[in-house]
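**Q** See input_2.cif below, with mmCIF, C-alpha atoms.
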data_my_file
#
loop_
_atom_site.label_atom_id
_atom_site.label_comp_id
_atom_site.auth_asym_id
_atom_site.auth_seq_id
_atom_site.Cartn_x
_atom_site.Cartn_y
_atom_site.Cartn_z
CA TRP R 487 -9.80 12.63 18.02
CA TYR R 488 -8.34 16.08 18.72
CA GLU R 489 -6.13 14.74 21.53
CA ARG R 490 -4.83 12.00 19.23
CA GLN R 491 -4.01 14.51 16.49
CA MET R 492 -2.28 16.78 18.99
CA MET R 493 -0.17 13.93 20.39
CA THR R 494 0.75 12.74 16.89
CA ALA R 495 1.90 16.22 15.86
CA THR R 496 4.00 16.63 19.00
CA MET R 497 5.56 13.18 18.58
CA SER R 498 6.40 14.05 14.97
CA ASP R 499 8.09 17.26 16.04
CA CYS R 500 10.27 15.41 18.57
CA ALA R 501 11.16 12.71 16.04
CA ARG R 502 11.98 15.28 13.35
CA SER R 503 14.34 17.09 15.72
CA ILE R 504 16.41 14.03 16.62
CA MET R 505 16.41 12.75 13.02
CA SER R 506 17.82 16.06 11.82
CA GLU R 507 20.79 15.31 14.08
CA TRP R 508 21.12 11.86 12.49
CA LYS R 509 20.96 13.45 9.03
CA ALA R 510 23.77 15.84 9.91
CA LYS R 511 25.96 12.93 11.06
CA VAL R 512 25.15 10.98 7.89
CA ASP R 513 26.04 13.98 5.73
CA ASP R 514 29.29 14.53 7.64
CA GLY R 515 30.10 10.85 7.08
CA GLY R 516 29.79 11.15 3.32
CA GLY R 517 26.36 9.54 3.07
CA ALA R 518 26.46 6.99 5.89
CA ALA R 519 27.07 6.96 9.63
CA GLU R 520 26.91 4.49 12.49
CA ILE R 521 24.53 5.63 15.23
CA GLU R 522 23.75 3.83 18.49
CA LEU R 523 19.96 3.85 18.26
CA GLY R 524 19.28 2.22 21.63
CA GLY R 525 20.26 5.31 23.60
CA GLN R 526 18.78 7.59 20.94
CA PHE R 527 15.37 5.92 21.25
CA GLU R 528 15.51 6.34 25.03
CA GLU R 529 16.29 10.04 24.54
CA LEU R 530 13.41 10.36 22.06
CA THR R 531 11.00 8.64 24.46
CA ALA R 532 11.99 11.07 27.21
CA ASP R 533 11.38 14.02 24.88
CA VAL R 534 8.00 12.72 23.69
CA ILE R 535 6.71 12.01 27.19
CA SER R 536 8.02 15.35 28.44
CA HIS R 537 6.27 17.33 25.69
CA THR R 538 2.96 15.46 25.66
CA ALA R 539 2.56 14.90 29.40
CA PHE R 540 4.03 18.16 30.67
CA GLY R 541 3.30 20.59 27.84
CA ALA R 542 4.97 23.97 28.40
CA SER R 543 6.88 22.47 31.35
CA TYR R 544 8.55 19.88 29.14
CA ARG R 545 12.10 20.73 30.26
CA GLU R 546 11.19 20.06 33.88
CA GLY R 547 9.22 17.01 32.75
CA LYS R 548 12.27 15.54 31.07
CA ARG R 549 14.26 16.02 34.26
CA VAL R 550 11.50 14.17 36.14
CA PHE R 551 11.59 11.35 33.57
CA LEU R 552 15.36 10.93 33.78
CA ALA R 553 15.43 11.16 37.59
CA GLN R 554 12.69 8.54 37.88
CA ARG R 555 14.56 6.24 35.51
CA GLU R 556 17.67 6.54 37.67
CA LEU R 557 15.58 5.73 40.74
CA LEU R 558 14.23 2.62 39.02
CA PHE R 559 17.72 1.40 38.22
CA LEU R 560 18.81 1.98 41.81
CA ALA R 561 15.78 0.07 43.07
CA PHE R 562 16.35 -2.78 40.62
CA SER R 563 20.00 -3.09 41.66
CA THR R 564 18.90 -4.08 45.18
CA VAL R 565 16.15 -6.53 44.24
CA TYR R 566 18.34 -9.61 44.61
CA ASN R 567 20.29 -8.38 47.61
CA VAL R 568 19.53 -9.51 51.15
CA GLN R 569 17.50 -6.69 52.65
CA ILE R 570 17.74 -5.67 56.30
CA ARG R 571 14.87 -3.31 57.08
CA ALA R 572 16.94 -0.94 59.25
CA PHE R 573 19.50 -0.42 56.46
CA ARG R 574 17.04 1.56 54.36
CA TYR R 575 17.20 4.34 56.97
CA LEU R 576 20.99 4.52 57.18
CA PRO R 577 22.74 7.37 55.31
CA THR R 578 24.64 5.08 52.94
CA GLN R 579 25.87 6.45 49.61
CA LYS R 580 23.07 4.67 47.72
CA ASN R 581 20.36 5.74 50.20
CA LEU R 582 21.54 9.35 50.08
CA LYS R 583 21.29 9.28 46.29
CA ILE R 584 17.82 7.72 46.40
CA TRP R 585 16.62 10.29 48.94
CA ARG R 586 18.02 13.15 46.86
CA LEU R 587 16.41 11.90 43.64
CA ASP R 588 13.08 11.23 45.34
CA LYS R 589 13.04 14.74 46.83
CA GLU R 590 14.01 16.21 43.45
CA VAL R 591 11.25 14.34 41.60
CA ARG R 592 8.57 15.27 44.13
CA GLY R 593 9.67 18.90 44.15
CA MET R 594 9.69 19.19 40.35
CA LEU R 595 6.28 17.55 40.01
CA THR R 596 4.82 19.86 42.66
CA ASP R 597 6.20 22.92 40.85
CA ILE R 598 4.82 21.71 37.51
CA ILE R 599 1.37 21.10 38.99
CA LYS R 600 1.32 24.54 40.60
CA SER R 601 2.38 26.09 37.30
CA ARG R 602 -0.34 24.22 35.41
CA LEU R 603 -3.01 25.31 37.89
CA ALA R 604 -1.87 28.93 37.54
CA THR R 605 -2.06 28.83 33.72
CA LYS R 606 -5.06 26.66 32.86
CA ASP R 607 -5.82 28.33 29.49
CA GLN R 608 -6.32 25.63 26.71
CA LYS R 609 -4.27 27.89 24.33
CA LEU R 610 -1.19 25.99 25.48
CA ARG R 611 -2.44 22.98 23.57
CA ALA R 612 -3.15 25.04 20.50
CA GLU R 613 0.45 26.24 20.45
CA VAL R 614 1.85 22.72 19.99
CA VAL R 615 -0.53 21.86 17.14
CA GLY R 616 0.55 23.13 13.75
CA GLU R 617 0.75 22.30 10.09
CA CYS R 618 3.82 20.12 9.52
CA GLY R 619 3.55 19.44 5.83
CA ASN R 620 3.13 16.25 3.86
CA GLU R 621 6.02 14.45 5.55
CA VAL R 622 4.36 14.34 8.94
CA PRO R 623 2.06 11.36 9.63
CA THR R 624 -1.30 12.36 11.05
CA GLY R 625 -3.54 10.26 13.26
CA ASP R 626 -5.78 9.43 10.31
CA VAL R 627 -2.80 8.28 8.25
CA LEU R 628 -1.48 6.10 11.08
CA ASN R 629 -4.78 4.21 11.18
CA LYS R 630 -4.24 3.18 7.56
CA LEU R 631 -0.75 1.76 8.10
CA LYS R 632 -1.75 -1.85 8.58
CA LEU R 633 1.66 -3.34 7.78
CA VAL R 634 3.45 -1.01 10.17
CA ASN R 635 0.97 -2.06 12.86
CA MET R 636 1.58 -5.75 12.19
CA PHE R 637 5.34 -5.17 12.20
CA LEU R 638 5.14 -3.52 15.63
CA LEU R 639 2.91 -6.23 17.09
CA GLU R 640 5.23 -9.00 15.90
CA THR R 641 8.25 -7.17 17.31
CA LEU R 642 6.45 -6.84 20.65
CA ARG R 643 5.56 -10.55 20.55
CA LEU R 644 9.17 -11.67 20.15
CA TYR R 645 10.69 -8.97 22.36
CA SER R 646 8.03 -7.90 24.81
CA PRO R 647 8.97 -4.98 27.12
CA LEU R 648 8.39 -7.25 30.13
CA SER R 649 9.38 -10.92 30.17
CA THR R 650 7.07 -11.68 33.10
CA ILE R 651 4.23 -10.06 35.02
CA GLN R 652 2.72 -10.95 38.37
CA ARG R 653 -0.87 -10.89 39.56
CA LYS R 654 -2.32 -11.62 43.01
CA ALA R 655 -5.51 -13.68 43.21
CA GLY R 656 -8.24 -11.49 44.74
CA SER R 657 -10.35 -14.52 45.58
CA ASP R 658 -10.22 -18.32 45.41
CA LEU R 659 -10.28 -19.40 41.77
CA GLU R 660 -9.50 -22.25 39.42
CA VAL R 661 -7.00 -21.91 36.57
CA GLY R 662 -6.58 -24.78 34.15
CA GLY R 663 -7.98 -27.24 36.65
CA ILE R 664 -5.69 -26.01 39.43
CA THR R 665 -7.18 -24.46 42.57
CA VAL R 666 -5.56 -21.12 43.38
CA PRO R 667 -6.23 -19.77 46.91
CA LYS R 668 -6.93 -16.09 47.50
CA GLY R 669 -3.75 -14.07 47.95
CA THR R 670 -1.58 -16.33 45.79
CA VAL R 671 0.89 -14.44 43.60
CA LEU R 672 0.92 -15.81 40.06
CA THR R 673 3.85 -15.22 37.71
CA ILE R 674 2.90 -15.09 34.03
CA PRO R 675 5.89 -15.89 31.76
CA ILE R 676 5.15 -13.61 28.79
CA ALA R 677 8.35 -14.43 26.91
CA THR R 678 7.62 -18.17 27.13
CA ILE R 679 3.97 -17.82 26.12
CA HIS R 680 4.85 -15.59 23.16
CA ARG R 681 7.16 -18.26 21.72
CA ASP R 682 5.02 -21.31 22.51
CA LYS R 683 4.52 -23.36 19.32
CA GLU R 684 1.28 -24.84 20.66
CA VAL R 685 -0.12 -21.31 20.85
CA TRP R 686 1.51 -19.54 17.87
CA GLY R 687 2.31 -22.41 15.51
CA GLU R 688 5.53 -24.02 14.32
CA ASP R 689 6.97 -20.66 13.28
CA ALA R 690 6.61 -19.21 16.79
CA HIS R 691 10.34 -18.35 16.93
CA GLU R 692 10.31 -16.65 13.52
CA PHE R 693 9.53 -13.02 12.69
CA ASN R 694 6.27 -13.10 10.75
CA PRO R 695 4.19 -9.90 10.93
CA LEU R 696 1.49 -11.41 8.71
CA ARG R 697 0.31 -13.56 11.63
CA PHE R 698 -1.47 -10.37 12.83
CA GLU R 699 -3.15 -9.81 9.47
CA ASN R 700 -6.59 -10.54 10.96
CA GLY R 701 -6.00 -8.74 14.23
CA VAL R 702 -4.51 -9.54 17.63
CA MET R 703 -7.36 -11.78 18.75
CA ARG R 704 -6.94 -14.13 15.77
CA ALA R 705 -3.15 -14.17 15.58
CA ALA R 706 -2.78 -17.18 17.88
CA LYS R 707 -4.82 -20.21 18.92
CA HIS R 708 -5.93 -18.38 22.06
CA PRO R 709 -7.50 -14.88 21.80
CA ASN R 710 -5.58 -13.57 24.82
CA ALA R 711 -2.16 -15.01 23.96
CA PHE R 712 -0.65 -11.60 23.15
CA LEU R 713 0.40 -10.09 26.49
CA SER R 714 2.91 -7.35 25.68
CA PHE R 715 0.57 -4.83 27.32
CA SER R 716 -0.95 -7.37 29.73
CA GLY R 717 -4.72 -7.77 29.38
CA GLY R 718 -8.10 -7.17 30.96
CA PRO R 719 -8.72 -4.39 33.51
CA ARG R 720 -5.01 -4.32 34.48
CA SER R 721 -3.72 -3.81 30.94
CA CYS R 722 -1.15 -1.08 30.33
CA ILE R 723 -2.79 2.34 30.45
CA GLY R 724 -0.18 3.73 28.07
CA GLN R 725 -0.43 1.16 25.28
CA ASN R 726 -2.21 3.44 22.80
CA PHE R 727 0.27 6.23 23.51
CA ALA R 728 3.20 3.85 23.00
CA MET R 729 1.84 2.46 19.73
CA ILE R 730 1.20 5.93 18.29
CA GLU R 731 4.70 7.06 19.23
CA ALA R 732 6.30 3.95 17.74
CA LYS R 733 4.35 4.32 14.46
CA VAL R 734 5.27 8.00 14.11
CA VAL R 735 8.97 7.29 14.67
CA ILE R 736 9.06 4.28 12.33
CA VAL R 737 7.30 6.17 9.53
CA MET R 738 9.61 9.17 9.82
CA ILE R 739 12.72 6.97 9.85
CA LEU R 740 11.56 5.09 6.75
CA GLN R 741 10.90 8.39 4.98
CA ARG R 742 14.44 9.60 5.59
CA PHE R 743 16.85 6.70 5.90
CA SER R 744 17.78 3.24 4.75
CA PHE R 745 19.54 1.28 7.48
CA PHE R 746 21.11 -2.01 8.53
CA LEU R 747 22.70 -3.46 11.64
CA SER R 748 26.27 -2.49 12.33
CA PRO R 749 28.79 -5.37 12.43
CA LYS R 750 29.46 -4.21 16.00
CA TYR R 751 25.96 -5.24 17.13
CA VAL R 752 25.87 -8.10 19.64
CA HIS R 753 22.48 -9.69 20.25
CA VAL R 754 22.17 -9.84 24.04
CA PRO R 755 18.68 -8.83 25.26
CA MET R 756 18.89 -7.65 28.88
CA ASP R 757 15.96 -7.62 31.28
CA VAL R 758 16.48 -4.56 33.50
CA ILE R 759 13.08 -3.03 34.34
CA THR R 760 12.21 -3.51 30.66
CA LEU R 761 13.86 -5.54 27.90
CA ARG R 762 16.72 -3.68 26.22
CA PRO R 763 19.88 -4.47 24.22
CA LYS R 764 22.74 -4.94 26.68
CA PHE R 765 25.34 -3.52 24.30
CA GLY R 766 23.12 -0.95 22.59
CA LEU R 767 21.72 -0.92 19.06
CA PRO R 768 24.40 0.36 16.64
CA MET R 769 22.91 0.87 13.17
CA VAL R 770 24.36 2.21 9.94
CA LEU R 771 22.07 4.87 8.47
CA LYS R 772 22.11 6.16 4.90
CA SER R 773 20.20 9.24 3.83
CA LEU R 774 17.47 8.92 1.20
CA ASP R 775 17.53 12.71 0.67
CA MET R 776 13.77 12.99 0.95
#
As structure tokens, please, write out the structure in this file.

**A**
Amino acid sequence: WYERQMMTATMSDCARSIMSEWKAKVDDGGGAAEIELGGQFEELTADVISHTAFGASYREGKRVFLAQRELLFLAFSTVYNVQIRAFRYLPTQKNLKIWRLDKEVRGMLTDIIKSRLATKDQKLRAEVVGECGNEVPTGDVLNKLKLVNMFLLETLRLYSPLSTIQRKAGSDLEVGGITVPKGTVLTIPIATIHRDKEVWGEDAHEFNPLRFENGVMRAAKHPNAFLSFSGGPRSCIGQNFAMIEAKVVIVMILQRFSFFLSPKYVHVPMDVITLRPKFGLPMVLKSLDM
């Protein structure tokens, strides 16, 4: 419970900081301003992870986060290229960049770990927990926000972070009457399953948060149809963290702004590592002066 409260407070602090910047832009714009929220949410995620995972070393943690993200993009850019094993050892421009980033990430993580071991006092956690007033959602309050939870789940159903996942059969098994030999790699099409009318009903392509009114297990015709965080023993270890962060940010946005899509928005979901808007998420925000 204490860890949850601590994380919620830290997430609220990060969200409040970036939203104060939005408020300033809205005020400068005479009450409204267009802000590209796609990049802003990525920046907020980096801040939240850096503060909660790295504590007092959050600045170094953010550098780790950004460097790792760049490494992922570099790796993804070569997925569909013909790979010649010897080429990975040649000092090409891309390899040099990968080697530099990898060395930088490993070095920063090592320094952070050494620093943590040298200052193990639990007082560091106490410093990030504080009274934030009535505007800050606490862990107990988040548990009561049923509609916000349903809204998030439905968003994740229609636009899951991953469109597919893969699993390797650890033994011979049978799936739906089909024999699957040990070692077979199975691709699970999450995006297709999440919009299957036989599973979710005739409104499978529509945004309907109320389908989760009775919980995830009863939202579809199959109890394990919701796969945004995978399922079973290999489910995403960070799903609770992600849901808490998303709830905190949504609540704090709703407390401060009204908003609508900018006319510049173009709906082109792009699957690069995770699903993201190809041309960003420009929104027009208006201050509620709360």

**Q** Pick from R:His680, R:Glu731, R:Ile739, R:Gln526: nearest to R:Asp775, with only C-alpha atoms counted?

**A**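 Checking each candidate against R:Asp775, we get R:Ile739 as the closest.
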
**Q** With a distance cut-off of 9 Å and all atoms listed in the file, select the neighbouring residues of R:Lys764, excluding the residue or stretch itself and same-chain residues fewer than 5 positions from it, and output the selection as a list in words.

**A**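 Here the answer would be Val752, His753, Val754, Pro755, Met756 and Asp757 of chain R.
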
**Q** Rounded to one decimal in Å, what is the spacing between atom CA of R:Glu660 and atom CA of R:Val702?

**A**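 Taking atom CA of R:Glu660 as the start and atom CA of R:Val702 as the end point, the length is 25.7 Å.
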
**Q** How many Å separate atom CA of R:Asn694 from atom CA of R:Glu640?

**A**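 Atom-to-atom, atom CA of R:Asn694 and atom CA of R:Glu640 are spaced 6.7 Å apart.
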
**Q** Figure out the distance between atom CA of R:Ser503 and atom CA of R:Asp533, please, to one decimal in Å.

**A**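 Here the two named atoms are 10.1 Å from each other.
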